[in-house]
Structures are given as structure tokens and as C-alpha cells.
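Colleague: Below is the file query_39.txt, which contains compact mmCIF, C-alpha atoms.
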```txt
# COMPACT_ATOMS: atom_id res chain seq x y z
CA MET C 1 0.00 0.00 0.00
CA ALA C 2 1.38 3.41 -0.98
CA PHE C 3 1.10 6.19 1.57
CA ASN C 4 0.56 9.83 0.71
CA VAL C 5 2.71 11.95 2.98
CA LEU C 6 2.55 15.65 3.78
CA ILE C 7 5.79 17.27 4.94
CA VAL C 8 5.35 20.61 6.69
CA ASP C 9 8.45 22.69 7.34
CA ASP C 10 9.41 26.26 6.57
CA SER C 11 12.89 25.10 5.63
CA LEU C 12 13.16 23.86 2.06
CA PRO C 13 16.40 21.96 2.74
CA MET C 14 14.76 20.21 5.69
CA ARG C 15 11.71 19.21 3.63
CA SER C 16 14.09 17.80 1.07
CA VAL C 17 16.00 15.81 3.68
CA ILE C 18 12.87 14.44 5.32
CA LYS C 19 11.57 13.36 1.93
CA ARG C 20 14.80 11.61 0.99
CA THR C 21 15.05 10.00 4.41
CA ILE C 22 11.58 8.50 4.04
CA GLN C 23 12.44 7.30 0.55
CA ALA C 24 15.63 5.73 1.90
CA SER C 25 13.66 4.01 4.62
CA GLY C 26 11.93 1.91 1.97
CA PHE C 27 8.38 3.09 2.60
CA ASP C 28 6.09 2.85 -0.34
CA VAL C 29 5.14 6.48 -0.79
CA GLY C 30 2.53 7.27 -3.40
CA HIS C 31 3.00 11.00 -3.39
CA PHE C 32 4.80 13.59 -1.30
CA PHE C 33 3.04 16.86 -0.63
CA GLU C 34 4.80 19.84 0.91
CA ALA C 35 3.76 22.90 2.87
CA SER C 36 5.84 25.60 4.53
CA ASN C 37 3.51 26.30 7.47
CA GLY C 38 0.32 25.13 9.15
CA VAL C 39 -1.96 27.34 7.08
CA GLU C 40 -0.65 25.89 3.82
CA ALA C 41 -0.78 22.42 5.35
CA MET C 42 -4.48 22.74 6.22
CA LYS C 43 -5.19 23.78 2.65
CA VAL C 44 -3.42 20.68 1.32
CA LEU C 45 -5.12 18.46 3.90
CA ARG C 46 -8.54 19.68 2.78
CA GLU C 47 -7.76 19.18 -0.90
CA GLU C 48 -5.81 15.95 -1.02
CA TRP C 49 -6.14 12.43 0.30
CA LEU C 50 -3.31 11.91 2.78
CA ASP C 51 -2.19 9.17 5.14
CA LEU C 52 0.47 10.81 7.26
CA VAL C 53 1.60 14.30 8.29
CA LEU C 54 5.16 15.09 9.38
CA THR C 55 5.36 18.60 10.73
CA ASP C 56 7.99 20.92 12.09
CA TYR C 57 7.13 22.75 15.30
CA ASN C 58 8.50 26.27 14.83
CA MET C 59 7.00 27.82 11.73
CA PRO C 60 5.58 31.22 10.81
CA ASP C 61 1.82 31.88 10.59
CA MET C 62 0.71 28.57 12.10
CA ASP C 63 3.15 26.35 14.00
CA GLY C 64 3.10 22.57 14.19
CA LEU C 65 1.18 22.43 17.45
CA GLU C 66 -1.54 24.73 16.13
CA LEU C 67 -1.73 22.59 13.01
CA ILE C 68 -2.26 19.45 15.06
CA ARG C 69 -4.89 21.18 17.21
CA GLU C 70 -6.72 22.24 14.07
CA MET C 71 -6.55 18.72 12.66
CA LYS C 72 -8.00 17.31 15.89
CA GLN C 73 -11.00 19.63 15.55
CA ASP C 74 -11.73 18.45 12.04
CA GLU C 75 -13.84 15.30 11.79
CA LEU C 76 -12.11 14.13 8.63
CA LEU C 77 -8.59 14.77 9.85
CA GLN C 78 -8.68 13.98 13.55
CA ASN C 79 -7.55 10.37 13.18
CA MET C 80 -4.76 11.02 10.72
CA PRO C 81 -1.30 10.32 12.19
CA ALA C 82 0.63 13.54 12.75
CA VAL C 83 4.27 13.37 13.76
CA MET C 84 6.06 16.39 15.17
CA ILE C 85 9.61 16.89 13.95
CA THR C 86 11.31 19.23 16.34
CA THR C 87 14.50 20.53 17.83
CA GLU C 88 12.67 20.79 21.17
CA GLY C 89 14.37 18.32 23.40
CA SER C 90 12.78 18.84 26.79
CA LYS C 91 10.58 16.04 28.08
CA GLU C 92 8.00 18.56 29.23
CA ARG C 93 7.59 20.00 25.74
CA VAL C 94 7.48 16.59 24.10
CA GLU C 95 4.80 15.43 26.53
CA LYS C 96 2.85 18.54 25.61
CA PHE C 97 2.98 17.57 21.92
CA ILE C 98 1.57 14.13 22.67
CA GLU C 99 -1.09 15.56 24.99
CA GLU C 100 -2.19 17.93 22.26
CA GLY C 101 -2.64 15.08 19.81
CA ALA C 102 0.67 14.39 18.10
CA THR C 103 0.94 10.70 17.32
CA ASP C 104 4.66 10.77 18.02
CA TYR C 105 7.69 13.00 17.59
CA ILE C 106 11.08 12.86 15.90
CA LYS C 107 13.84 14.90 17.43
CA LYS C 108 16.19 16.87 15.19
CA PRO C 109 18.92 15.98 14.46
CA PHE C 110 17.68 12.60 13.32
CA THR C 111 19.16 9.65 11.53
CA PRO C 112 17.36 7.70 8.80
CA GLU C 113 17.09 4.89 11.31
CA ASP C 114 15.26 7.16 13.79
CA VAL C 115 12.74 8.04 11.08
CA ARG C 116 12.37 4.46 9.99
CA GLN C 117 11.65 3.23 13.50
CA LYS C 118 9.01 5.88 14.11
CA LEU C 119 7.27 5.31 10.80
CA ASN C 120 7.32 1.55 11.28
CA ARG C 121 5.63 1.99 14.63
CA ILE C 122 2.98 4.32 13.28
CA MET C 123 2.28 2.97 9.82
CA GLY C 124 3.37 -0.64 10.16
CA GLU C 125 6.44 -2.37 8.77
CA PRO C 126 7.10 -1.49 5.12
CA GLU C 127 7.74 -3.97 2.40
CA TYR C 128 11.34 -3.18 1.70
CA GLY C 129 12.40 -2.43 -1.84
CA GLU C 130 15.62 -1.39 -3.49
CA GLY C 131 15.90 1.76 -1.44
CA SER C 132 15.76 -0.09 1.84
CA LEU C 133 18.18 0.76 4.61
CA ASP C 134 18.64 -2.97 5.06
CA ASP C 135 19.73 -3.47 1.49
CA SER C 136 22.01 -0.57 0.77
CA ASP C 137 23.73 2.43 2.24
CA GLU C 138 23.38 4.38 -0.98
CA GLY C 139 20.23 6.13 0.08
CA LEU C 140 21.82 7.62 3.16
CA ASP C 141 24.13 10.20 1.66
CA PHE C 142 22.39 13.34 2.95
CA MET M 1 24.15 28.71 34.21
CA GLU M 2 27.81 27.95 34.64
CA LYS M 3 29.85 28.82 31.61
CA GLU M 4 31.83 25.58 31.59
CA VAL M 5 28.72 23.45 31.74
CA LEU M 6 27.13 25.41 28.94
CA MET M 7 30.26 25.15 26.82
CA THR M 8 30.32 21.37 27.26
CA VAL M 9 26.65 21.05 26.40
CA MET M 10 27.06 23.31 23.38
CA LYS M 11 30.03 21.38 22.07
CA ASP M 12 28.14 18.12 22.43
CA SER M 13 25.16 19.62 20.64
CA ILE M 14 27.23 21.03 17.79
CA SER M 15 28.87 17.64 17.32
CA GLU M 16 25.52 15.87 17.48
CA VAL M 17 23.95 18.10 14.83
CA LEU M 18 26.88 18.24 12.40
CA GLU M 19 27.79 14.58 12.72
CA THR M 20 24.24 13.21 12.60
CA MET M 21 22.73 15.39 9.90
CA PHE M 22 25.77 16.34 7.84
CA PHE M 23 28.27 13.54 8.49
CA LEU M 24 30.85 16.10 9.59
CA PRO M 25 32.99 14.71 12.40
CA LEU M 26 34.39 17.50 14.56
CA GLU M 27 37.54 18.07 16.48
CA TYR M 28 37.68 20.97 18.89
CA SER M 29 40.75 23.10 19.25
CA ASP M 30 41.72 25.47 22.00
CA ALA M 31 43.25 27.87 19.50
CA PRO M 32 41.17 31.04 19.13
CA ASP M 33 40.81 30.73 15.34
CA PRO M 34 42.22 27.38 14.21
CA GLU M 35 40.68 27.51 10.74
CA GLY M 36 41.56 31.14 10.08
CA LEU M 37 37.85 31.99 9.89
CA TRP M 38 38.35 35.51 11.13
CA GLY M 39 40.84 36.18 8.37
CA LEU M 40 38.26 35.49 5.67
CA GLU M 41 36.59 38.28 3.78
CA LYS M 42 33.06 39.05 4.96
CA ASP M 43 31.54 37.76 1.76
CA ARG M 44 33.18 34.39 2.30
CA ILE M 45 31.45 33.83 5.62
CA VAL M 46 27.83 32.94 6.23
CA ALA M 47 26.46 34.02 9.59
CA SER M 48 23.25 33.32 11.41
CA ARG M 49 21.99 34.58 14.74
CA LEU M 50 19.24 33.11 16.88
CA ASN M 51 17.86 35.06 19.84
CA PHE M 52 16.28 33.31 22.79
CA SER M 53 14.54 34.40 25.94
CA GLY M 54 13.02 32.70 28.95
CA PRO M 55 14.54 31.76 32.32
CA PHE M 56 17.73 33.06 30.75
CA SER M 57 18.16 34.94 27.54
CA GLY M 58 20.79 35.63 24.95
CA TYR M 59 21.66 34.60 21.44
CA PHE M 60 23.54 32.03 19.44
CA VAL M 61 25.76 33.07 16.55
CA PHE M 62 26.85 30.55 13.95
CA LEU M 63 29.63 31.42 11.50
CA ILE M 64 30.70 29.14 8.71
CA PRO M 65 32.93 29.63 5.66
CA ARG M 66 30.71 30.04 2.59
CA ASP M 67 32.46 27.22 0.72
CA LEU M 68 31.73 24.79 3.52
CA ALA M 69 28.14 26.02 3.82
CA LEU M 70 27.70 25.45 0.08
CA SER M 71 29.20 21.98 0.29
CA ILE M 72 27.08 20.76 3.19
CA THR M 73 23.93 22.35 1.77
CA ALA M 74 24.50 20.53 -1.53
CA GLY M 75 24.84 17.28 0.39
CA PHE M 76 21.83 18.07 2.51
CA VAL M 77 19.47 18.78 -0.38
CA GLY M 78 21.00 16.19 -2.68
CA ARG M 79 22.08 18.54 -5.46
CA HIS M 80 25.33 19.48 -7.14
CA GLU M 81 26.90 22.62 -5.72
CA GLU M 82 26.24 24.62 -8.90
CA HIS M 83 22.51 23.99 -8.46
CA VAL M 84 22.33 25.21 -4.87
CA SER M 85 20.75 28.64 -4.41
CA GLN M 86 21.69 31.32 -1.91
CA ASP M 87 18.28 30.87 -0.31
CA GLN M 88 18.96 27.19 0.23
CA ILE M 89 22.32 27.96 1.84
CA ALA M 90 20.69 30.56 4.08
CA GLY M 91 17.85 28.17 4.95
CA ASN M 92 20.27 25.42 5.75
CA VAL M 93 22.45 27.60 7.98
CA LYS M 94 19.34 28.78 9.84
CA GLU M 95 18.29 25.17 10.25
CA ILE M 96 21.72 24.29 11.66
CA ILE M 97 21.67 27.03 14.28
CA ASN M 98 18.08 26.14 15.15
CA MET M 99 19.04 22.50 15.69
CA ILE M 100 22.12 23.40 17.70
CA ALA M 101 20.12 25.73 19.95
CA GLY M 102 17.31 23.21 20.42
CA SER M 103 19.75 20.43 21.13
CA THR M 104 21.72 22.60 23.57
CA PHE M 105 18.64 23.47 25.60
CA GLY M 106 17.35 19.91 25.47
CA ASN M 107 20.67 18.46 26.60
CA TYR M 108 20.97 21.10 29.29
CA ASP M 109 17.48 20.25 30.57
CA ASP M 110 18.43 16.57 30.63
CA MET M 111 21.47 17.39 32.76
CA LEU M 112 19.25 19.09 35.32
CA VAL M 113 16.83 16.17 35.65
```
Do you think you could lay out the structure here as C-alpha cells?
Modeller:
Amino acid sequence: MAFNVLIVDDSLPMRSVIKRTIQASGFDVGHFFEASNGVEAMKVLREEWLDLVLTDYNMPDMDGLELIREMKQDELLQNMPAVMITTEGSKERVEKFIEEGATDYIKKPFTPEDVRQKLNRIMGEPEYGEGSLDDSDEGLDF
Amino acid sequence: MEKEVLMTVMKDSISEVLETMFFLPLEYSDAPDPEGLWGLEKDRIVASRLNFSGPFSGYFVFLIPRDLALSITAGFVGRHEEHVSQDQIAGNVKEIINMIAGSTFGNYDDMLV
């Protein structure tokens, strides 16, 4: 099954890295969508069929936490997995993300293995293909 | 916050970010300017500043030679150096300082627990 993934981050390089990390993890992604803040993300979420949201925390206009709150208030979006990708390292802050509805979080800096483990837990084990971390290191050259 | 503790936490965080995300192993030197960074022309340095406030306040400043910033940005976004834009370099440097700051505060919090 191919997953449609929305990556929300105001940093273009970071969106690029997250995308390539997911590809390297071997997940079968149907289509990547991108947004640079929560407002843009909500627009995409209302227009496209998505399976997973990966969002940065600190962003202009609408941050990652506000995005998740908004998703939780929307009947169609409230059960969609939303993972916070953040530099925030304090346990208190991370607990707050989960309390507010984040499915999980990935702490920056992250390794492809960190991302793989989180996505496996949330979306189930992928069927590994040629880009798998288990098969090759070629996909890891950030 | 004791300066020595903060310095240790910052060094760990800088290493963590640059080694994990950019595969740049670091060695610290006690020399004031081991790479001759301060001798570079202004236009050959990329700088970023991040202000913070809260229980304590201040700012982080990150300086990196432009050639190195270009090289690691190219690796980060998966493009050849000639196809990397100034905006991408700036975005990447901002992302680096953001990660270093976040990691520093997170690691410092962990030390206090």
C-alpha cells in the first residue's frame, strides 16, 4: 500500500532531507506533498487524500502544534497520524505535543534509522524495496 | 548557568547536529581561530543569529565559511553545488543554528533532571 505523505516545514532543505530520508527508509510512498507552514498544510489536507503528516514545530503563521490542534477539531482529519519533527528536546515539551494530539515526535537531528523506527511503529512495517536501509547504504548520503 | 557546563553542552550539541545530519565529524581546538575563519573576507562567511529568551536569555551566533556552507547544503538537499541557491544555503544555515540551539537546551534540561 502506498502512503501519501505531507511534509510541513518552513525550511526547504529540511523538507528535502525528510523526503529523501523516508524514501531511503523503503516506505512505499505514493506521493509527497509539501507545505511551509500550518496554514498551507491545512489547505493541502482539505484538498488531497493523505495518510500521514510530518510537521515541524516552529513555523511562521501557524506552528506545528496549532496545526495538530486544528486537525484534531476536524472530523475528517482527527484520526490522521501527525508526527512532530522538532529541535525541542525537553521532556516537558514533548509530553505537551503528545497531549495535544501528536501521534509521536522525531527529534532533530535525526538519523534515517530514527525516522524508519518511528514510521514503522505508526504505519506498520514497510515492504522493503531497493531503497531499503537494510539493502544498501546508498540512500543515506544526505 | 555555569559557563563551563554550557560550553560542554554546546560542544556536544554542535557535534551531534553536524555529525548526525551532515556527516561532519568534529575536532575541537583550544586555539582562538584554528581555521583562520576571522581572516576570511566578509563575503566568504555565512552568519546566522538566533535570539532566545526565557529563564535566561541571549543569542547564538553561527559562523561558517561560505564554501563549507555550500558543500554541506549541496549534500543536505542532494544537489550538485552549482545547483544550490543562496536561499537554500541561508535556509540550511538557519536550520543548523536552530538544531544546535534546540539540542543545547534539550541536553541542558536533561542534565538538570
Colleague: Do me a favour and pick out the residues of chain M within 8 Å of chain C, using all atoms listed in the file, as a CSV table (one decimal) with C-alpha atoms, in the frame of the given file.
Modeller:
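Result went into part_26.csv, see below:
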```csv
chain,number,residue,atom,x,y,z
M,16,GLU,CA,25.5,15.9,17.5
M,17,VAL,CA,24.0,18.1,14.8
M,20,THR,CA,24.2,13.2,12.6
M,21,MET,CA,22.7,15.4,9.9
M,22,PHE,CA,25.8,16.3,7.8
M,73,THR,CA,23.9,22.4,1.8
M,75,GLY,CA,24.8,17.3,0.4
M,76,PHE,CA,21.8,18.1,2.5
M,77,VAL,CA,19.5,18.8,-0.4
M,78,GLY,CA,21.0,16.2,-2.7
M,88,GLN,CA,19.0,27.2,0.2
M,91,GLY,CA,17.8,28.2,5.0
M,92,ASN,CA,20.3,25.4,5.8
M,95,GLU,CA,18.3,25.2,10.2
M,98,ASN,CA,18.1,26.1,15.2
M,99,MET,CA,19.0,22.5,15.7
M,101,ALA,CA,20.1,25.7,20.0
M,102,GLY,CA,17.3,23.2,20.4
M,103,SER,CA,19.8,20.4,21.1
M,105,PHE,CA,18.6,23.5,25.6
M,106,GLY,CA,17.4,19.9,25.5
M,107,ASN,CA,20.7,18.5,26.6
M,109,ASP,CA,17.5,20.2,30.6
M,110,ASP,CA,18.4,16.6,30.6
```
Colleague: Determine the nearest neighbour of Gln117 of chain C from the options C:Ile7, C:Leu65, C:Ile22, C:Ala2, counting all atoms listed in the file.
Modeller: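 Under the stated criterion, the closest residue is C:Ile22.
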Colleague: Atom CA of Ala74 of chain M and atom CA of Asp30 of chain M are how many Å apart?
Modeller: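 Rounded to one decimal, the two atoms are 29.6 Å apart.
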Colleague: How far is it from atom CA of Arg121 of chain C to atom CA of Pro81 of chain C, in Å with one decimal?
Modeller: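 Going from atom CA of Arg121 of chain C over to atom CA of Pro81 of chain C, I get 11.1 Å.
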Colleague: Quote the spacing between atom CA of Thr55 of chain C and atom CA of Ser25 of chain C in Å to one decimal place.
Modeller: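 Atom CA of Thr55 of chain C sits 17.9 Å away from atom CA of Ser25 of chain C.
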Colleague: For segment 68-76 of chain C, please output as JSON, numbers by chain all residues within 8 Å (counting all atoms listed in the file; exclusion window: fewer than 2 positions along the same chain).
Modeller: {"C": [42, 64, 65, 66, 78, 79, 82, 100, 101, 102]}
Colleague: Out of M:Ile64, M:Thr8, M:Ile96, M:Ile89, which residue has the shortest atom-to-atom distance to Lys42 of chain M when counting only C-alpha atoms?
Modeller: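 Nearest candidate to Lys42 of chain M out of M:Ile64, M:Thr8, M:Ile96, M:Ile89: M:Ile64.
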Colleague: Write out as lines of an AutoDock Vina configuration file an axis-aligned box for segment 56-68 of chain C: all of its atoms listed in the file, 3 Å added on each side, centre and edge lengths in Å with one decimal.
Modeller:
```
center_x = 3.1
center_y = 25.7
center_z = 14.0
size_x = 16.8
size_y = 18.4
size_z = 12.9
```
